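Student: Once you've had a glance at the structure underneath, I'll fire off some questions.
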Amino acid sequence: MTPSARISAAIGVLDWILDGQAAEQALLRWSRNSRYAGSKDRAAVRDLVYEALRRRNTLADRGGALSGRGLMIGLCRESGQDPDLHFTGKNYAPAPLNAHERTEQKVTSTDLPDWLMPLWREALGPDAGLIAREMGQRAPVWLRVNPLLATVSEARSVLEQDGIETETALQLTEALRVSSGERRIANSRAYRGGLVELQDLSPQLACASLPLKEGDRVLDYCAGGGGKSLALAGRQPGIRLFAHDAEPKRMADLPKRAQRAGARIERVSMPVGKFDLVVADVPCSGSGTWRRTPDAKWRLTSERLQQLTEIQSEILDKAAAFVAPGGHLAYMTCSLFEAENRGNVEAFMSRHDHFTQISSMLWTPLTASDGFFLSLLINN
Ligand SMILES: C[S@@+](CC[C@H](N)C(=O)[O-])C[C@H]1O[C@@H](n2cnc3c(N)ncnc32)[C@H](O)[C@@H]1O
């Protein structure tokens, strides 16, 4: 496909998304109907669609309409390309610009839904504008070196042999930022051999800050795919680690991932007894990861946000029951909002006065990478 034909394809996919279809489903629908498209075309169309969703309002302003076509005209302008080079109407290229589209509009919007702006400012204060702008950029790819199988320099050199260049993070040496070759990771020897895992820097920093000592019983209460379990197993191989999830099928890949990483993790449908550390990495709005899932920010509603905070409160109450006296509860979200973070923790402490918060941290793209919240509590 030519670059202009890819733009035509992205316009169609974006129109489906603007009509209410989820981004992944819309891309899949296009892929199924476009057998002629090769893997590079699919990746390119996907990049265009995600780029447009990250900066939807800015691009709609610059392109003159909130439509697939408006967004792609806006994206051409934002990236310094003349839309007339692509919008020719020839060879699968989109139709030429009309008079209205030719008149560039002023950018008046931010790339967040209006109703969320007060919550965004409440959570981020003077950094709100900068973080909103960061959220319009493509997210970097981070890897976590698995100390059970490799040192940082071994992992980096195996990655390099497969054409993947990395830089270590200032805050955490095991965290590697991928500077080139990110599309090669899935098939690389380092990844397939368990030397590295894909994990953003911010959750890596959260896991690295948790208290862990040899012999501890640790419960990952919302284990899902096991990202936090694997990080904890890597840090302290002498712990007994149990993974639980209300939807056990979400942990289906965990045995394979644990085996690849050389980690011992027991899946439990009902945790038994008390634990020195309970991790509650709860379902959330994902507002800290909207660079990766930009359609989620346009789909979130205030009703859903309210529902999520209620679910998070219930999970905190249930998870707390498994914390041994003197043990710790680590509450985590990949959200930036006060209601899901500090608000929930304060309400929890008012319901459970024997829990005290030892520390809390909100990482953002300005200080680390994705937005990520951790509150560490102790059961006195
Ligand atoms: C943010 S995801 C966890 C991600 C995972 N910790 C990781 O690092 O890959 C939240 C998980 O909480 C689970 N969950 C939802 N409600 C729950 C509940 N009441 N009790 C336990 N887990 C729950 C979901 O099924 C989902 O897998």
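Chains: A, B, ... in order of the structure tokens. Residues: from 1 per chain. Ligands: from 1, in order shown.
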Using DSSP secondary structure from the backbone, list all strand (DSSP E) positions within range 248-299 of chain A, as a PyMOL selection string.

Tutor: chain A and resi 266-267+275-281

Student: Excluding range 117-134 of chain A and any residue of its chain fewer than 3 positions from it, enumerate the residues within 10 Å of it, using only C-alpha atoms, and give them as a ChimeraX atom specification.

Tutor: /A:54-55,110-114,137-139,287-288,290-291,336-339,341-342,362,364-366,369-371

Student: Could you write out the selected residues, including C-alpha atoms, as a PDB file, in the first residue's frame?

Tutor:
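Wrote it out as selection_11.pdb, contents follow:
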```pdb
ATOM      1  CA  ARG A  54      -4.007  10.315  21.183  1.00  0.00           C
ATOM      2  CA  ARG A  55      -4.404  13.882  19.842  1.00  0.00           C
ATOM      3  CA  THR A 110      -7.075  19.895  24.761  1.00  0.00           C
ATOM      4  CA  ASP A 111      -6.748  16.193  24.021  1.00  0.00           C
ATOM      5  CA  LEU A 112      -8.836  15.129  26.990  1.00  0.00           C
ATOM      6  CA  PRO A 113     -12.624  14.953  27.279  1.00  0.00           C
ATOM      7  CA  ASP A 114     -13.965  18.248  28.731  1.00  0.00           C
ATOM      8  CA  GLN A 137       2.758  11.402  22.654  1.00  0.00           C
ATOM      9  CA  ARG A 138       3.576   7.820  21.804  1.00  0.00           C
ATOM     10  CA  ALA A 139       4.600   5.829  24.908  1.00  0.00           C
ATOM     11  CA  SER A 287      -5.885   7.054  32.832  1.00  0.00           C
ATOM     12  CA  GLY A 288      -2.146   6.730  33.440  1.00  0.00           C
ATOM     13  CA  TRP A 290      -3.837   6.517  27.893  1.00  0.00           C
ATOM     14  CA  ARG A 291      -0.801   6.996  25.642  1.00  0.00           C
ATOM     15  CA  LEU A 336      -3.997   9.465  37.894  1.00  0.00           C
ATOM     16  CA  PHE A 337      -7.351  10.377  39.437  1.00  0.00           C
ATOM     17  CA  GLU A 338      -7.711  11.270  43.117  1.00  0.00           C
ATOM     18  CA  ALA A 339     -10.955   9.303  43.509  1.00  0.00           C
ATOM     19  CA  ASN A 341      -6.074   6.789  44.394  1.00  0.00           C
ATOM     20  CA  ARG A 342      -5.824   8.938  47.512  1.00  0.00           C
ATOM     21  CA  LEU A 362       2.164   8.910  42.005  1.00  0.00           C
ATOM     22  CA  THR A 364       3.792  10.327  35.836  1.00  0.00           C
ATOM     23  CA  PRO A 365       5.476  10.757  32.441  1.00  0.00           C
ATOM     24  CA  LEU A 366       7.279  13.747  33.976  1.00  0.00           C
ATOM     25  CA  SER A 369       6.776   6.802  32.460  1.00  0.00           C
ATOM     26  CA  ASP A 370       3.083   5.776  32.638  1.00  0.00           C
ATOM     27  CA  GLY A 371       0.893   7.285  35.323  1.00  0.00           C
TER      28      GLY A 371
END
```

Student: What's around range 224-234 of chain A at 9 Å? Count only C-alpha atoms, leave out sequence neighbours fewer than 4 positions away in its own chain, and write the answer as a PyMOL selection string.

Tutor: chain A and resi 144-149+197-199+203-204+207-208+210+212+218-220+238-254+257-258+261-265+279+281

Student: Identify, on the basis of only C-alpha atoms, every residue whose closest approach to Thr2 in chain A does not exceed 9 Å; exclude the query and any residue fewer than 4 positions from it along the same chain; express the result as number ranges by chain.

Tutor: A: 6-7, 41, 91-93

Student: What does the file look like for those residues with N, CA and C atoms, as a PDB file, in the first residue's frame?

Tutor:
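So the final result, stored in selection-v9.pdb, reads:
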```
ATOM      1  N   ARG A   6      -2.686   4.056   2.835  1.00  0.00           N
ATOM      2  CA  ARG A   6      -2.741   3.770   4.273  1.00  0.00           C
ATOM      3  C   ARG A   6      -3.568   4.845   4.989  1.00  0.00           C
ATOM      4  N   ILE A   7      -3.411   6.086   4.546  1.00  0.00           N
ATOM      5  CA  ILE A   7      -4.215   7.174   5.139  1.00  0.00           C
ATOM      6  C   ILE A   7      -5.701   6.929   4.864  1.00  0.00           C
ATOM      7  N   ASP A  41       1.955  -2.740   6.335  1.00  0.00           N
ATOM      8  CA  ASP A  41       0.778  -1.874   6.131  1.00  0.00           C
ATOM      9  C   ASP A  41      -0.093  -1.863   7.389  1.00  0.00           C
ATOM     10  N   ASN A  91      -5.292   6.438  -7.219  1.00  0.00           N
ATOM     11  CA  ASN A  91      -4.691   5.186  -6.699  1.00  0.00           C
ATOM     12  C   ASN A  91      -4.958   4.935  -5.218  1.00  0.00           C
ATOM     13  N   TYR A  92      -6.207   4.883  -4.837  1.00  0.00           N
ATOM     14  CA  TYR A  92      -6.642   4.593  -3.464  1.00  0.00           C
ATOM     15  C   TYR A  92      -6.328   5.702  -2.461  1.00  0.00           C
ATOM     16  N   ALA A  93      -5.875   6.837  -2.932  1.00  0.00           N
ATOM     17  CA  ALA A  93      -5.643   7.975  -2.024  1.00  0.00           C
ATOM     18  C   ALA A  93      -6.992   8.633  -1.712  1.00  0.00           C
TER      19      ALA A  93
END
```

Student: For Gly68 in chain A, please output as a ChimeraX atom specification all residues within 8 Å (counting only C-alpha atoms; exclusion window: fewer than 2 positions along the same chain).

Tutor: /A:10-15,18,66,70-72

Student: How about saving the chosen residues, C-alpha atoms kept, as a PDB file, in the first residue's frame?

Tutor:
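See result_22.pdb below for the written result:
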```pdb
ATOM      1  CA  ALA A  10      -6.973   4.878   8.640  1.00  0.00           C
ATOM      2  CA  ILE A  11      -9.825   7.269   7.734  1.00  0.00           C
ATOM      3  CA  GLY A  12     -12.227   4.328   7.429  1.00  0.00           C
ATOM      4  CA  VAL A  13     -11.087   2.752  10.701  1.00  0.00           C
ATOM      5  CA  LEU A  14     -11.334   6.081  12.554  1.00  0.00           C
ATOM      6  CA  ASP A  15     -14.879   6.615  11.275  1.00  0.00           C
ATOM      7  CA  LEU A  18     -16.012   7.573  16.098  1.00  0.00           C
ATOM      8  CA  LEU A  66     -14.084  15.408  14.019  1.00  0.00           C
ATOM      9  CA  GLY A  70     -10.568  15.595   9.446  1.00  0.00           C
ATOM     10  CA  LEU A  71      -8.214  13.735  11.781  1.00  0.00           C
ATOM     11  CA  MET A  72      -5.950  12.594   8.969  1.00  0.00           C
TER      12      MET A  72
END
```

Student: My list of candidates is A:Gly181, A:Pro211, A:Pro94, A:Gly20. Which is closest to Asp162 in chain A when distances are computed with only C-alpha atoms?

Tutor: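 The closest residue to Asp162 in chain A is A:Gly181.
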
Student: Using only C-alpha atoms, which residues sit within 7 Å of Ile358 in chain A once same-chain residues fewer than 3 positions away are excluded, as JSON, numbers by chain?

Tutor: {"A": [376, 377, 378]}

Student: Okay, now the selection with N, CA and C atoms, as a PDB file, in the first residue's frame?

Tutor:
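Written file, again-v1.pdb:
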```pdb
ATOM      1  N   LEU A 376       1.304   2.273  50.135  1.00  0.00           N
ATOM      2  CA  LEU A 376       1.752   1.144  50.949  1.00  0.00           C
ATOM      3  C   LEU A 376       1.229   1.344  52.370  1.00  0.00           C
ATOM      4  N   LEU A 377       0.463   0.351  52.829  1.00  0.00           N
ATOM      5  CA  LEU A 377      -0.163   0.448  54.142  1.00  0.00           C
ATOM      6  C   LEU A 377       0.347  -0.673  55.035  1.00  0.00           C
ATOM      7  N   ILE A 378       0.331  -0.423  56.338  1.00  0.00           N
ATOM      8  CA  ILE A 378       0.745  -1.472  57.284  1.00  0.00           C
ATOM      9  C   ILE A 378      -0.433  -1.811  58.196  1.00  0.00           C
TER      10      ILE A 378
END
```

Student: If you run DSSP on this backbone, which residues of range 5-236 of chain A come out as helix (DSSP H, G or I), and could you give them as a short mmCIF file (atom, residue, chain, number, x, y, z; two decimals) with N, CA and C atoms, in the first residue's frame?

Tutor:
```
data_model
loop_
_atom_site.label_atom_id
_atom_site.label_comp_id
_atom_site.auth_asym_id
_atom_site.auth_seq_id
_atom_site.Cartn_x
_atom_site.Cartn_y
_atom_site.Cartn_z
N ALA A 5 -2.65 5.47 0.48
CA ALA A 5 -3.67 4.41 0.64
C ALA A 5 -3.79 4.02 2.12
N ARG A 6 -2.69 4.06 2.83
CA ARG A 6 -2.74 3.77 4.27
C ARG A 6 -3.57 4.85 4.99
N ILE A 7 -3.41 6.09 4.55
CA ILE A 7 -4.22 7.17 5.14
C ILE A 7 -5.70 6.93 4.86
N SER A 8 -6.02 6.49 3.64
CA SER A 8 -7.44 6.17 3.33
C SER A 8 -7.96 5.09 4.27
N ALA A 9 -7.13 4.07 4.49
CA ALA A 9 -7.56 2.97 5.37
C ALA A 9 -7.77 3.50 6.79
N ALA A 10 -6.85 4.34 7.28
CA ALA A 10 -6.97 4.88 8.64
C ALA A 10 -8.24 5.72 8.77
N ILE A 11 -8.60 6.45 7.70
CA ILE A 11 -9.82 7.27 7.73
C ILE A 11 -11.05 6.37 7.98
N GLY A 12 -11.10 5.25 7.27
CA GLY A 12 -12.23 4.33 7.43
C GLY A 12 -12.28 3.76 8.85
N VAL A 13 -11.13 3.34 9.35
CA VAL A 13 -11.09 2.75 10.70
C VAL A 13 -11.51 3.80 11.74
N LEU A 14 -10.99 5.02 11.58
CA LEU A 14 -11.33 6.08 12.55
C LEU A 14 -12.83 6.39 12.52
N ASP A 15 -13.43 6.35 11.34
CA ASP A 15 -14.88 6.61 11.28
C ASP A 15 -15.65 5.55 12.06
N TRP A 16 -15.22 4.30 11.97
CA TRP A 16 -15.90 3.25 12.76
C TRP A 16 -15.73 3.52 14.26
N ILE A 17 -14.52 3.94 14.63
CA ILE A 17 -14.27 4.20 16.06
C ILE A 17 -15.12 5.38 16.53
N LEU A 18 -15.20 6.41 15.71
CA LEU A 18 -16.01 7.57 16.10
C LEU A 18 -17.49 7.21 16.16
N ALA A 23 -11.33 0.53 19.35
CA ALA A 23 -10.23 0.68 18.38
C ALA A 23 -9.71 -0.68 17.90
N GLU A 24 -9.51 -1.60 18.83
CA GLU A 24 -8.95 -2.89 18.42
C GLU A 24 -9.89 -3.64 17.49
N GLN A 25 -11.19 -3.56 17.81
CA GLN A 25 -12.18 -4.26 16.96
C GLN A 25 -12.23 -3.63 15.57
N ALA A 26 -12.15 -2.32 15.53
CA ALA A 26 -12.20 -1.63 14.23
C ALA A 26 -10.98 -2.00 13.39
N LEU A 27 -9.82 -2.08 14.03
CA LEU A 27 -8.61 -2.45 13.28
C LEU A 27 -8.70 -3.89 12.78
N LEU A 28 -9.25 -4.77 13.61
CA LEU A 28 -9.42 -6.17 13.23
C LEU A 28 -10.38 -6.29 12.04
N ARG A 29 -11.47 -5.51 12.10
CA ARG A 29 -12.47 -5.53 11.02
C ARG A 29 -11.81 -5.10 9.71
N TRP A 30 -10.99 -4.05 9.79
CA TRP A 30 -10.31 -3.59 8.57
C TRP A 30 -9.33 -4.66 8.08
N SER A 31 -8.57 -5.26 9.00
CA SER A 31 -7.58 -6.29 8.61
C SER A 31 -8.27 -7.44 7.88
N ARG A 32 -9.41 -7.87 8.43
CA ARG A 32 -10.12 -9.01 7.83
C ARG A 32 -10.61 -8.70 6.43
N SER A 39 2.10 -7.03 6.59
CA SER A 39 2.26 -6.73 8.02
C SER A 39 2.74 -5.29 8.23
N LYS A 40 3.56 -4.78 7.31
CA LYS A 40 4.02 -3.38 7.47
C LYS A 40 2.85 -2.40 7.28
N ASP A 41 1.96 -2.74 6.34
CA ASP A 41 0.78 -1.87 6.13
C ASP A 41 -0.09 -1.86 7.39
N ARG A 42 -0.29 -3.06 7.95
CA ARG A 42 -1.15 -3.14 9.15
C ARG A 42 -0.56 -2.32 10.29
N ALA A 43 0.77 -2.47 10.46
CA ALA A 43 1.43 -1.71 11.54
C ALA A 43 1.32 -0.21 11.28
N ALA A 44 1.46 0.18 10.00
CA ALA A 44 1.43 1.62 9.69
C ALA A 44 0.02 2.19 9.90
N VAL A 45 -1.01 1.43 9.49
CA VAL A 45 -2.38 1.92 9.66
C VAL A 45 -2.70 2.02 11.16
N ARG A 46 -2.26 1.03 11.89
CA ARG A 46 -2.48 1.04 13.34
C ARG A 46 -1.81 2.28 13.97
N ASP A 47 -0.58 2.56 13.57
CA ASP A 47 0.13 3.72 14.11
C ASP A 47 -0.63 5.01 13.81
N LEU A 48 -1.13 5.12 12.57
CA LEU A 48 -1.88 6.33 12.20
C LEU A 48 -3.14 6.48 13.07
N VAL A 49 -3.85 5.37 13.26
CA VAL A 49 -5.10 5.41 14.04
C VAL A 49 -4.80 5.80 15.49
N TYR A 50 -3.79 5.17 16.08
CA TYR A 50 -3.48 5.47 17.48
C TYR A 50 -2.96 6.90 17.65
N GLU A 51 -2.16 7.33 16.70
CA GLU A 51 -1.65 8.71 16.73
C GLU A 51 -2.83 9.68 16.72
N ALA A 52 -3.80 9.39 15.85
CA ALA A 52 -4.96 10.28 15.73
C ALA A 52 -5.79 10.27 17.02
N LEU A 53 -5.93 9.11 17.65
CA LEU A 53 -6.74 9.04 18.88
C LEU A 53 -6.06 9.74 20.05
N ARG A 54 -4.72 9.65 20.08
CA ARG A 54 -4.01 10.32 21.18
C ARG A 54 -4.23 11.82 21.16
N ARG A 56 -6.73 13.54 19.38
CA ARG A 56 -7.96 13.63 18.61
C ARG A 56 -8.47 15.06 18.46
N ASN A 57 -8.55 15.80 19.57
CA ASN A 57 -9.16 17.14 19.49
C ASN A 57 -8.27 18.13 18.74
N THR A 58 -6.97 18.06 19.01
CA THR A 58 -6.04 18.95 18.30
C THR A 58 -6.11 18.70 16.80
N LEU A 59 -6.11 17.42 16.42
CA LEU A 59 -6.11 17.09 14.99
C LEU A 59 -7.44 17.46 14.34
N ALA A 60 -8.54 17.26 15.10
CA ALA A 60 -9.86 17.63 14.54
C ALA A 60 -9.89 19.14 14.30
N ASP A 61 -9.34 19.91 15.25
CA ASP A 61 -9.29 21.38 15.05
C ASP A 61 -8.48 21.71 13.79
N ARG A 62 -7.31 21.08 13.69
CA ARG A 62 -6.42 21.43 12.56
C ARG A 62 -6.95 20.92 11.23
N GLY A 63 -7.74 19.82 11.29
CA GLY A 63 -8.26 19.24 10.04
C GLY A 63 -9.66 19.70 9.70
N GLY A 68 -12.88 10.82 10.47
CA GLY A 68 -11.63 10.16 10.08
C GLY A 68 -10.84 11.06 9.13
N ARG A 69 -11.54 11.65 8.21
CA ARG A 69 -10.89 12.53 7.23
C ARG A 69 -10.28 13.77 7.88
N GLY A 70 -11.06 14.40 8.75
CA GLY A 70 -10.57 15.59 9.45
C GLY A 70 -9.31 15.26 10.26
N LEU A 71 -9.36 14.11 10.94
CA LEU A 71 -8.21 13.74 11.78
C LEU A 71 -6.96 13.50 10.94
N MET A 72 -7.14 12.87 9.80
CA MET A 72 -5.95 12.59 8.97
C MET A 72 -5.42 13.86 8.30
N ILE A 73 -6.32 14.78 7.93
CA ILE A 73 -5.84 16.07 7.39
C ILE A 73 -5.06 16.79 8.49
N GLY A 74 -5.63 16.77 9.71
CA GLY A 74 -4.96 17.41 10.85
C GLY A 74 -3.61 16.77 11.14
N LEU A 75 -3.55 15.44 11.02
CA LEU A 75 -2.28 14.74 11.30
C LEU A 75 -1.21 15.12 10.26
N CYS A 76 -1.63 15.22 8.99
CA CYS A 76 -0.67 15.68 7.96
C CYS A 76 -0.11 17.04 8.37
N ARG A 77 -1.01 17.94 8.75
CA ARG A 77 -0.56 19.32 9.08
C ARG A 77 0.34 19.29 10.32
N GLU A 78 -0.06 18.53 11.32
CA GLU A 78 0.74 18.48 12.56
C GLU A 78 2.13 17.93 12.29
N PRO A 83 -1.25 18.28 3.13
CA PRO A 83 -2.28 17.27 2.88
C PRO A 83 -2.51 17.02 1.39
N ASP A 84 -2.28 18.06 0.54
CA ASP A 84 -2.52 17.89 -0.90
C ASP A 84 -1.64 16.80 -1.51
N LEU A 85 -0.52 16.50 -0.86
CA LEU A 85 0.35 15.43 -1.40
C LEU A 85 -0.31 14.06 -1.28
N HIS A 86 -1.14 13.90 -0.24
CA HIS A 86 -1.80 12.60 -0.02
C HIS A 86 -3.25 12.58 -0.50
N ALA A 99 -13.08 23.24 -0.11
CA ALA A 99 -12.71 24.61 0.29
C ALA A 99 -12.65 24.74 1.81
N HIS A 100 -13.62 24.13 2.52
CA HIS A 100 -13.64 24.24 3.98
C HIS A 100 -12.38 23.58 4.58
N GLU A 101 -12.04 22.41 4.04
CA GLU A 101 -10.87 21.68 4.58
C GLU A 101 -9.56 22.41 4.32
N ARG A 102 -9.58 23.22 3.29
CA ARG A 102 -8.38 23.98 2.95
C ARG A 102 -8.10 25.12 3.93
N ASP A 114 -13.73 17.05 27.90
CA ASP A 114 -13.97 18.25 28.73
C ASP A 114 -14.37 17.88 30.16
N TRP A 115 -15.25 16.87 30.29
CA TRP A 115 -15.78 16.59 31.63
C TRP A 115 -14.68 16.12 32.59
N LEU A 116 -13.55 15.63 32.02
CA LEU A 116 -12.48 15.12 32.87
C LEU A 116 -11.51 16.20 33.33
N MET A 117 -11.55 17.35 32.69
CA MET A 117 -10.52 18.37 32.97
C MET A 117 -10.44 18.75 34.45
N PRO A 118 -11.58 18.98 35.14
CA PRO A 118 -11.46 19.32 36.56
C PRO A 118 -10.78 18.21 37.37
N LEU A 119 -11.07 16.97 37.05
CA LEU A 119 -10.46 15.85 37.79
C LEU A 119 -8.97 15.77 37.49
N TRP A 120 -8.63 16.03 36.25
CA TRP A 120 -7.22 16.01 35.82
C TRP A 120 -6.43 17.08 36.59
N ARG A 121 -7.02 18.29 36.66
CA ARG A 121 -6.33 19.40 37.35
C ARG A 121 -6.25 19.14 38.84
N GLU A 122 -7.33 18.58 39.40
CA GLU A 122 -7.34 18.29 40.84
C GLU A 122 -6.20 17.33 41.19
N ALA A 123 -5.99 16.34 40.31
CA ALA A 123 -4.98 15.31 40.61
C ALA A 123 -3.56 15.80 40.37
N LEU A 124 -3.39 16.66 39.36
CA LEU A 124 -2.02 16.94 38.90
C LEU A 124 -1.56 18.37 39.13
N GLY A 125 -2.47 19.21 39.60
CA GLY A 125 -2.11 20.59 39.96
C GLY A 125 -1.39 21.30 38.82
N PRO A 126 -0.25 21.97 39.15
CA PRO A 126 0.42 22.78 38.12
C PRO A 126 0.99 21.96 36.97
N ASP A 127 1.14 20.63 37.17
CA ASP A 127 1.69 19.80 36.08
C ASP A 127 0.60 19.30 35.12
N ALA A 128 -0.67 19.66 35.39
CA ALA A 128 -1.77 19.07 34.62
C ALA A 128 -1.60 19.28 33.11
N GLY A 129 -1.23 20.49 32.72
CA GLY A 129 -1.12 20.80 31.28
C GLY A 129 0.01 20.01 30.63
N LEU A 130 1.16 19.99 31.31
CA LEU A 130 2.32 19.27 30.75
C LEU A 130 2.04 17.78 30.62
N ILE A 131 1.39 17.22 31.65
CA ILE A 131 1.12 15.77 31.61
C ILE A 131 0.07 15.47 30.54
N ALA A 132 -0.90 16.36 30.37
CA ALA A 132 -1.89 16.16 29.30
C ALA A 132 -1.17 16.13 27.95
N ARG A 133 -0.20 17.03 27.78
CA ARG A 133 0.54 17.05 26.51
C ARG A 133 1.36 15.78 26.32
N GLU A 134 2.00 15.33 27.42
CA GLU A 134 2.78 14.08 27.36
C GLU A 134 1.89 12.91 26.95
N VAL A 152 21.96 -7.34 34.11
CA VAL A 152 21.54 -6.29 33.18
C VAL A 152 22.44 -6.29 31.94
N SER A 153 23.75 -6.44 32.14
CA SER A 153 24.61 -6.36 30.95
C SER A 153 24.44 -7.59 30.06
N GLU A 154 24.19 -8.76 30.65
CA GLU A 154 23.93 -9.95 29.80
C GLU A 154 22.66 -9.73 28.97
N ALA A 155 21.61 -9.27 29.65
CA ALA A 155 20.34 -9.08 28.92
C ALA A 155 20.51 -8.06 27.80
N ARG A 156 21.22 -6.98 28.10
CA ARG A 156 21.39 -5.94 27.06
C ARG A 156 22.18 -6.47 25.88
N SER A 157 23.19 -7.30 26.19
CA SER A 157 24.00 -7.76 25.06
C SER A 157 23.22 -8.78 24.20
N VAL A 158 22.39 -9.63 24.83
CA VAL A 158 21.57 -10.57 24.03
C VAL A 158 20.56 -9.78 23.19
N LEU A 159 19.99 -8.74 23.77
CA LEU A 159 19.05 -7.90 23.02
C LEU A 159 19.75 -7.25 21.83
N GLU A 160 20.95 -6.77 22.08
CA GLU A 160 21.70 -6.08 21.03
C GLU A 160 22.00 -7.02 19.86
N GLN A 161 22.31 -8.29 20.19
CA GLN A 161 22.57 -9.25 19.11
C GLN A 161 21.35 -9.42 18.20
N GLU A 182 12.07 -1.96 18.57
CA GLU A 182 10.99 -2.44 19.44
C GLU A 182 10.11 -3.50 18.79
N ARG A 183 9.97 -3.46 17.47
CA ARG A 183 9.12 -4.46 16.81
C ARG A 183 9.78 -5.84 16.80
N ARG A 184 11.06 -5.91 17.16
CA ARG A 184 11.75 -7.21 17.16
C ARG A 184 11.65 -7.92 18.51
N ILE A 185 11.10 -7.24 19.52
CA ILE A 185 11.16 -7.79 20.88
C ILE A 185 10.47 -9.15 20.98
N ALA A 186 9.24 -9.24 20.46
CA ALA A 186 8.44 -10.45 20.66
C ALA A 186 9.17 -11.70 20.18
N ASN A 187 9.97 -11.58 19.13
CA ASN A 187 10.67 -12.76 18.62
C ASN A 187 12.13 -12.84 19.06
N ARG A 189 15.55 -13.47 21.31
CA ARG A 189 15.96 -14.54 22.23
C ARG A 189 15.84 -14.11 23.69
N ALA A 190 16.15 -12.84 23.95
CA ALA A 190 16.10 -12.37 25.34
C ALA A 190 14.66 -12.45 25.88
N TYR A 191 13.68 -12.11 25.04
CA TYR A 191 12.29 -12.12 25.49
C TYR A 191 11.77 -13.56 25.58
N ARG A 192 12.02 -14.33 24.53
CA ARG A 192 11.51 -15.71 24.51
C ARG A 192 12.18 -16.58 25.57
N LEU A 201 8.19 1.40 33.10
CA LEU A 201 9.06 1.81 34.20
C LEU A 201 8.29 2.07 35.50
N SER A 202 7.13 2.73 35.41
CA SER A 202 6.45 3.14 36.65
C SER A 202 6.02 1.94 37.50
N PRO A 203 5.33 0.92 36.95
CA PRO A 203 5.06 -0.24 37.79
C PRO A 203 6.32 -0.96 38.25
N GLN A 204 7.38 -0.89 37.46
CA GLN A 204 8.64 -1.50 37.92
C GLN A 204 9.13 -0.79 39.18
N LEU A 205 9.05 0.55 39.16
CA LEU A 205 9.49 1.31 40.34
C LEU A 205 8.61 0.97 41.55
N ALA A 206 7.31 0.82 41.29
CA ALA A 206 6.39 0.48 42.39
C ALA A 206 6.77 -0.87 42.99
N CYS A 207 6.97 -1.87 42.14
CA CYS A 207 7.30 -3.22 42.65
C CYS A 207 8.65 -3.21 43.37
N ALA A 208 9.59 -2.41 42.85
CA ALA A 208 10.92 -2.39 43.45
C ALA A 208 10.90 -1.75 44.84
N GLY A 227 1.97 -9.62 35.73
CA GLY A 227 3.10 -8.68 35.62
C GLY A 227 3.73 -8.35 36.97
N LYS A 228 2.90 -8.10 37.99
CA LYS A 228 3.45 -7.73 39.30
C LYS A 228 4.04 -8.96 39.98
N SER A 229 3.36 -10.11 39.87
CA SER A 229 3.90 -11.35 40.47
C SER A 229 5.30 -11.63 39.95
N LEU A 230 5.46 -11.54 38.64
CA LEU A 230 6.76 -11.87 38.04
C LEU A 230 7.84 -10.89 38.51
N ALA A 231 7.46 -9.62 38.66
CA ALA A 231 8.44 -8.63 39.12
C ALA A 231 8.86 -8.93 40.56
N LEU A 232 7.89 -9.34 41.39
CA LEU A 232 8.22 -9.62 42.79
C LEU A 232 9.05 -10.90 42.90
N ALA A 233 8.69 -11.92 42.11
CA ALA A 233 9.46 -13.17 42.13
C ALA A 233 10.90 -12.91 41.73
N GLY A 234 11.09 -12.00 40.78
CA GLY A 234 12.44 -11.68 40.32
C GLY A 234 13.25 -10.98 41.40
N ARG A 235 12.59 -10.18 42.20
CA ARG A 235 13.31 -9.40 43.23
C ARG A 235 13.74 -10.26 44.40
#
```

Student: Restricting the calculation to only C-alpha atoms and all ligand atoms, which member of A:Asn380, A:Ser350, A:Thr356, A:Thr309 is positioned closest to ligand 1?

Tutor: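 The closest residue to ligand 1 is A:Thr309.
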
Student: With only C-alpha atoms and all ligand atoms as the basis for distance, which of A:Arg35, A:Lys318, A:Arg177, A:His352 is at the shortest distance from ligand 1?

Tutor: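 Ranked by minimum distance to ligand 1, first place goes to A:Lys318.
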
Student: From the set A:Asn344, A:Gln259, A:Thr333, A:Thr301, which residue has the shortest atom-to-atom contact distance to Pro283 in chain A, counting only C-alpha atoms?

Tutor: A:Thr333
